[in-house]
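Shown here: my_file.tsv, TSV, C-alpha atoms.
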```tsv
chain	number	residue	atom	x	y	z
F	1	MET	CA	6.00	18.78	-4.10
F	2	ALA	CA	7.41	20.70	-1.14
F	3	GLN	CA	4.14	20.20	0.76
F	4	ILE	CA	4.22	16.45	0.14
F	5	SER	CA	7.83	16.35	1.35
F	6	ARG	CA	6.91	18.29	4.51
F	7	LEU	CA	3.92	16.01	5.13
F	8	TYR	CA	6.07	12.91	4.63
F	9	THR	CA	8.71	14.25	7.02
F	10	ALA	CA	6.01	15.08	9.57
F	11	VAL	CA	4.65	11.52	9.35
F	12	LEU	CA	8.17	10.13	9.78
F	13	TYR	CA	8.80	12.26	12.87
F	14	LEU	CA	5.35	11.46	14.28
F	15	MET	CA	6.12	7.76	13.95
F	16	ALA	CA	9.45	8.34	15.73
F	17	PHE	CA	7.67	10.26	18.49
F	18	ILE	CA	5.18	7.42	18.96
F	19	ALA	CA	8.10	4.97	19.06
F	20	GLY	CA	9.66	7.09	21.80
F	21	ALA	CA	6.38	7.08	23.72
F	22	MET	CA	6.31	3.28	23.40
F	23	LEU	CA	9.79	3.14	24.90
F	24	LEU	CA	8.58	5.25	27.81
F	25	TRP	CA	5.58	2.91	28.21
F	26	LEU	CA	7.93	-0.09	28.28
F	27	MET	CA	9.86	1.47	31.13
F	28	VAL	CA	6.70	2.23	33.10
F	29	SER	CA	5.16	-1.20	32.47
F	30	VAL	CA	8.31	-3.05	33.56
F	31	VAL	CA	8.61	-0.97	36.74
F	32	VAL	CA	4.92	-1.46	37.58
F	33	SER	CA	5.14	-5.19	36.87
F	34	VAL	CA	8.22	-5.62	39.07
F	35	LEU	CA	6.68	-3.55	41.87
F	36	MET	CA	3.50	-5.61	41.77
F	37	ARG	CA	5.45	-8.87	41.89
F	38	ASN	CA	7.55	-7.60	44.80
F	39	LEU	CA	4.37	-6.71	46.66
F	40	GLY	CA	3.07	-10.24	46.14
F	41	LEU	CA	0.49	-9.19	43.56
F	42	GLN	CA	-0.13	-10.70	40.17
F	43	PRO	CA	0.64	-8.13	37.45
F	44	PHE	CA	-2.21	-7.34	35.10
F	45	ALA	CA	-2.27	-9.60	32.04
F	46	TRP	CA	-2.76	-6.63	29.74
F	47	LEU	CA	0.40	-5.04	31.16
F	48	PHE	CA	2.60	-7.80	29.76
F	49	THR	CA	0.71	-8.01	26.47
F	50	SER	CA	0.81	-4.27	25.87
F	51	SER	CA	4.57	-4.35	26.49
F	52	GLU	CA	4.98	-7.01	23.82
F	53	TYR	CA	2.93	-4.97	21.37
F	54	ALA	CA	4.94	-1.87	22.25
F	55	LEU	CA	8.20	-3.67	21.43
F	56	LEU	CA	6.91	-4.46	17.96
F	57	TYR	CA	5.46	-1.02	17.28
F	58	MET	CA	8.45	0.80	18.76
F	59	THR	CA	10.81	-1.08	16.48
F	60	MET	CA	8.72	-0.74	13.34
F	61	LEU	CA	7.66	2.88	13.83
F	62	GLY	CA	11.13	4.11	14.74
F	63	ALA	CA	13.09	2.31	12.01
F	64	PRO	CA	12.34	4.66	9.06
F	65	TRP	CA	13.37	7.71	11.10
F	66	LEU	CA	16.50	5.85	12.20
F	67	VAL	CA	17.42	5.25	8.54
F	68	ARG	CA	16.99	8.95	7.80
F	69	GLU	CA	19.23	9.90	10.72
F	70	LYS	CA	21.80	7.21	9.78
F	71	GLY	CA	21.26	5.69	13.19
F	72	HIS	CA	21.54	2.06	12.17
F	73	VAL	CA	24.74	0.29	13.02
F	74	HIS	CA	27.09	-0.27	10.11
F	75	ILE	CA	30.79	-0.96	9.94
F	76	GLU	CA	32.82	1.38	7.74
F	77	LEU	CA	36.13	-0.45	7.95
F	78	VAL	CA	36.05	-1.36	4.24
F	79	THR	CA	34.52	1.86	2.94
F	80	SER	CA	37.00	4.01	4.85
F	81	ALA	CA	39.88	2.30	3.02
F	82	LEU	CA	38.43	3.05	-0.42
F	83	PRO	CA	39.09	6.15	-2.52
F	84	PRO	CA	36.25	8.73	-2.43
F	85	LYS	CA	34.69	7.73	-5.79
F	86	ALA	CA	34.67	4.04	-4.81
F	87	GLN	CA	33.21	4.97	-1.40
F	88	ASP	CA	30.37	6.72	-3.17
F	89	ILE	CA	29.69	3.75	-5.45
F	90	VAL	CA	29.84	1.17	-2.65
F	91	SER	CA	27.66	3.28	-0.37
F	92	ARG	CA	25.02	3.70	-3.08
F	93	LEU	CA	25.12	-0.03	-3.93
F	94	VAL	CA	24.64	-0.95	-0.28
F	95	ALA	CA	21.75	1.51	-0.04
F	96	ALA	CA	20.23	0.02	-3.23
F	97	GLY	CA	20.48	-3.43	-1.66
F	98	CYS	CA	18.72	-2.07	1.42
F	99	VAL	CA	15.96	-0.65	-0.81
F	100	LEU	CA	15.50	-4.04	-2.43
F	101	VAL	CA	15.38	-5.93	0.88
F	102	SER	CA	13.01	-3.36	2.39
F	103	LEU	CA	10.64	-3.62	-0.58
F	104	ILE	CA	10.64	-7.42	-0.41
F	105	LEU	CA	9.88	-7.28	3.31
F	106	ALA	CA	7.16	-4.68	2.72
F	107	TRP	CA	5.58	-6.93	0.09
F	108	LYS	CA	5.76	-10.00	2.33
F	109	GLY	CA	4.39	-7.91	5.19
F	110	LEU	CA	1.47	-6.85	3.05
F	111	GLU	CA	0.81	-10.49	2.15
F	112	LEU	CA	0.83	-11.30	5.87
F	113	VAL	CA	-1.65	-8.50	6.62
F	114	MET	CA	-3.95	-9.69	3.84
F	115	THR	CA	-3.73	-13.28	5.14
F	116	ASN	CA	-4.57	-12.07	8.66
F	117	ILE	CA	-7.61	-10.22	7.32
F	118	GLU	CA	-8.77	-13.12	5.11
F	119	ARG	CA	-8.46	-15.63	7.95
F	120	ASN	CA	-9.88	-13.23	10.49
F	121	ASP	CA	-6.87	-14.00	12.73
F	122	TYR	CA	-6.85	-12.79	16.31
F	123	ASP	CA	-4.05	-12.53	18.82
F	124	VAL	CA	-5.62	-14.16	21.86
F	125	ARG	CA	-3.90	-13.37	25.14
F	126	ALA	CA	-5.16	-10.86	27.67
F	127	TYR	CA	-7.79	-9.83	25.14
F	128	TYR	CA	-8.82	-10.53	21.56
F	129	PHE	CA	-6.86	-8.32	19.21
F	130	PRO	CA	-7.13	-8.50	15.40
F	131	ARG	CA	-3.71	-9.66	14.26
F	132	TRP	CA	-3.70	-7.40	11.19
F	133	ILE	CA	-3.50	-4.40	13.52
F	134	LEU	CA	-0.12	-5.72	14.63
F	135	THR	CA	1.19	-6.80	11.23
F	136	ILE	CA	0.13	-3.64	9.37
F	137	SER	CA	3.25	-2.04	10.79
F	138	PHE	CA	5.42	-4.26	8.54
F	139	PRO	CA	4.42	-2.98	5.10
F	140	ILE	CA	4.15	0.61	6.30
F	141	SER	CA	7.54	0.71	8.00
F	142	PHE	CA	9.45	-1.27	5.41
F	143	THR	CA	8.00	0.86	2.60
F	144	LEU	CA	9.11	4.03	4.39
F	145	MET	CA	12.53	2.48	5.03
F	146	ALA	CA	12.80	1.76	1.29
F	147	VAL	CA	12.03	5.42	0.59
F	148	GLU	CA	14.65	6.53	3.09
F	149	PHE	CA	17.30	4.17	1.71
F	150	ALA	CA	16.41	5.38	-1.81
F	151	ARG	CA	17.32	8.90	-0.70
F	152	PHE	CA	20.88	7.60	-0.21
F	153	VAL	CA	20.86	5.90	-3.63
F	154	PHE	CA	19.60	8.87	-5.65
F	155	GLY	CA	20.28	11.87	-3.41
F	156	GLU	CA	23.42	13.85	-2.76
F	157	GLU	CA	23.91	12.45	0.73
F	158	ARG	CA	25.64	9.10	1.21
F	159	MET	CA	24.67	6.50	3.77
F	160	HIS	CA	28.30	5.91	4.79
F	161	SER	CA	30.64	8.65	5.92
F	162	GLY	CA	33.80	6.82	4.78
F	163	GLU	CA	35.35	7.29	8.21
F	164	ALA	CA	36.09	4.30	10.41
F	165	GLY	CA	35.38	4.57	14.12
F	166	ILE	CA	32.75	6.19	16.27
F	167	HIS	CA	31.31	9.50	15.05
F	168	GLU	CA	28.57	11.60	16.58
```

Please re-express this file's structure in structure tokens.
Amino acid sequence: MAQISRLYTAVLYLMAFIAGAMLLWLMVSVVVSVLMRNLGLQPFAWLFTSSEYALLYMTMLGAPWLVREKGHVHIELVTSALPPKAQDIVSRLVAAGCVLVSLILAWKGLELVMTNIERNDYDVRAYYFPRWILTISFPISFTLMAVEFARFVFGEERMHSGEAGIHE
């Protein structure tokens, strides 16, 4: 079980690393595009398209890691006013709701991928790109987010700190 946990964590951090690389690519592609426009050149079509794809992948690949690190924005004004036992219950209920929503989105994402494959859908812009390669990120990422939120439901750690304000 420890090996599976280490492998899962490695996959999560690899996805986060790839998301970070996508962010770097976005910076480079925007700078190159602006420079080309300022020089009177037409930016490459694939430059814009790859940036759009990077936005999707960066978001989807980084989200499960962000859940693990409690990096998503949430307001703790209500939970900070509750007694510790109530904070624990509310935090676990919110995390359970997040599990449910993530699983629904993973299921709908899988349906979308299957539809893309059945219809042989392509994203046609700078080049033909099978659409399922884009949408496969939905079921993968939302499933991993469900797992991460479930850690806050069933684990010792809570999703909310119970402290209002900014904490680092």

Using 9 Å as the limit and counting only C-alpha atoms, can you tabulate each residue of stretch 29-107 of chain F that touches stretch 132-149 of chain F, with its shortest atom-to-atom distance in Å and the two atoms involved, as a Markdown table?
```
| residue | atom | partner | partner_atom | distance |
| --- | --- | --- | --- | --- |
| F:Tyr53 | CA | F:Leu134 | CA | 7.4 |
| F:Leu56 | CA | F:Leu134 | CA | 7.9 |
| F:Tyr57 | CA | F:Ser137 | CA | 6.9 |
| F:Met60 | CA | F:Ser141 | CA | 5.7 |
| F:Leu61 | CA | F:Ser141 | CA | 6.2 |
| F:Gly62 | CA | F:Ser141 | CA | 8.4 |
| F:Ala63 | CA | F:Met145 | CA | 7.0 |
| F:Pro64 | CA | F:Met145 | CA | 4.6 |
| F:Trp65 | CA | F:Met145 | CA | 8.1 |
| F:Leu66 | CA | F:Met145 | CA | 8.9 |
| F:Val67 | CA | F:Glu148 | CA | 6.2 |
| F:Arg68 | CA | F:Glu148 | CA | 5.8 |
| F:Ala95 | CA | F:Phe149 | CA | 5.5 |
| F:Ala96 | CA | F:Phe149 | CA | 7.1 |
| F:Gly97 | CA | F:Phe149 | CA | 8.9 |
| F:Cys98 | CA | F:Phe149 | CA | 6.4 |
| F:Val99 | CA | F:Ala146 | CA | 4.5 |
| F:Leu100 | CA | F:Ala146 | CA | 7.4 |
| F:Val101 | CA | F:Ala146 | CA | 8.1 |
| F:Ser102 | CA | F:Phe142 | CA | 5.1 |
| F:Leu103 | CA | F:Ala146 | CA | 6.1 |
| F:Ile104 | CA | F:Phe142 | CA | 8.6 |
| F:Leu105 | CA | F:Phe142 | CA | 6.4 |
| F:Ala106 | CA | F:Pro139 | CA | 4.0 |
| F:Trp107 | CA | F:Pro139 | CA | 6.5 |
```

**Asked** atom CA of F:Thr59 and atom CA of F:Met15, how far apart in Å?
**Response** 10.3 Å

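With only C-alpha atoms as the atoms that count, the residue of F:Asn38, F:Asn116, F:Ser29, F:Ser161 with the shortest distance to F:Phe129 is F:Asn116.
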
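From atom CA of F:Val94 back to atom CA of F:Thr9, the distance works out to 23.2 Å.
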
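As for atom CA of F:Val90 and atom CA of F:Glu157, they are spaced 13.2 Å apart.
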
**Request:** Could you check which of F:Ala10, F:Arg131, F:Ala81, F:Glu69 is closest to F:Val113, using only C-alpha atoms?
**Result:** F:Arg131

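The nearest approach to F:Glu52 among the residues F:Arg6, F:Ala126, F:Val153, F:Leu14, with all atoms listed in the file taken into account, belongs to F:Ala126.
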
**Item:** Test item: residues at most 10 Å from F:Gln87, all atoms listed in the file, excluding those fewer than 3 positions along its chain, as a PyMOL selection string
**Value:** chain F and resi 76+78-84+90-93+158+160-162

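Look at stretch 42-48 of chain F: the protein and nucleic acid residues within 12 Å of it, using all atoms listed in the file and passing over chain neighbours fewer than 4 places away, are Trp25, Leu26, Met27, Val28, Ser29, Val30, Val31, Val32, Ser33, Val34, Leu35, Met36, Arg37, Asn38, Glu52, Tyr53, Ala54, Leu55, Val124, Arg125, Ala126, Tyr127, Tyr128 and Phe129 of chain F.
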
Take every atom of stretch 22-41 of chain F listed in the file, fit an axis-aligned box around them, add 5 Å per side, and give the centre and edge lengths in Å to one decimal as lines of an AutoDock Vina configuration file.
```
center_x = 5.2
center_y = -2.5
center_z = 35.0
size_x = 19.4
size_y = 25.5
size_z = 33.3
```

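Among the candidates F:Ile75, F:Ala2, F:Leu110, F:Ala21, the residue lying nearest to F:Met159 is F:Ile75 (atoms considered: all atoms listed in the file).
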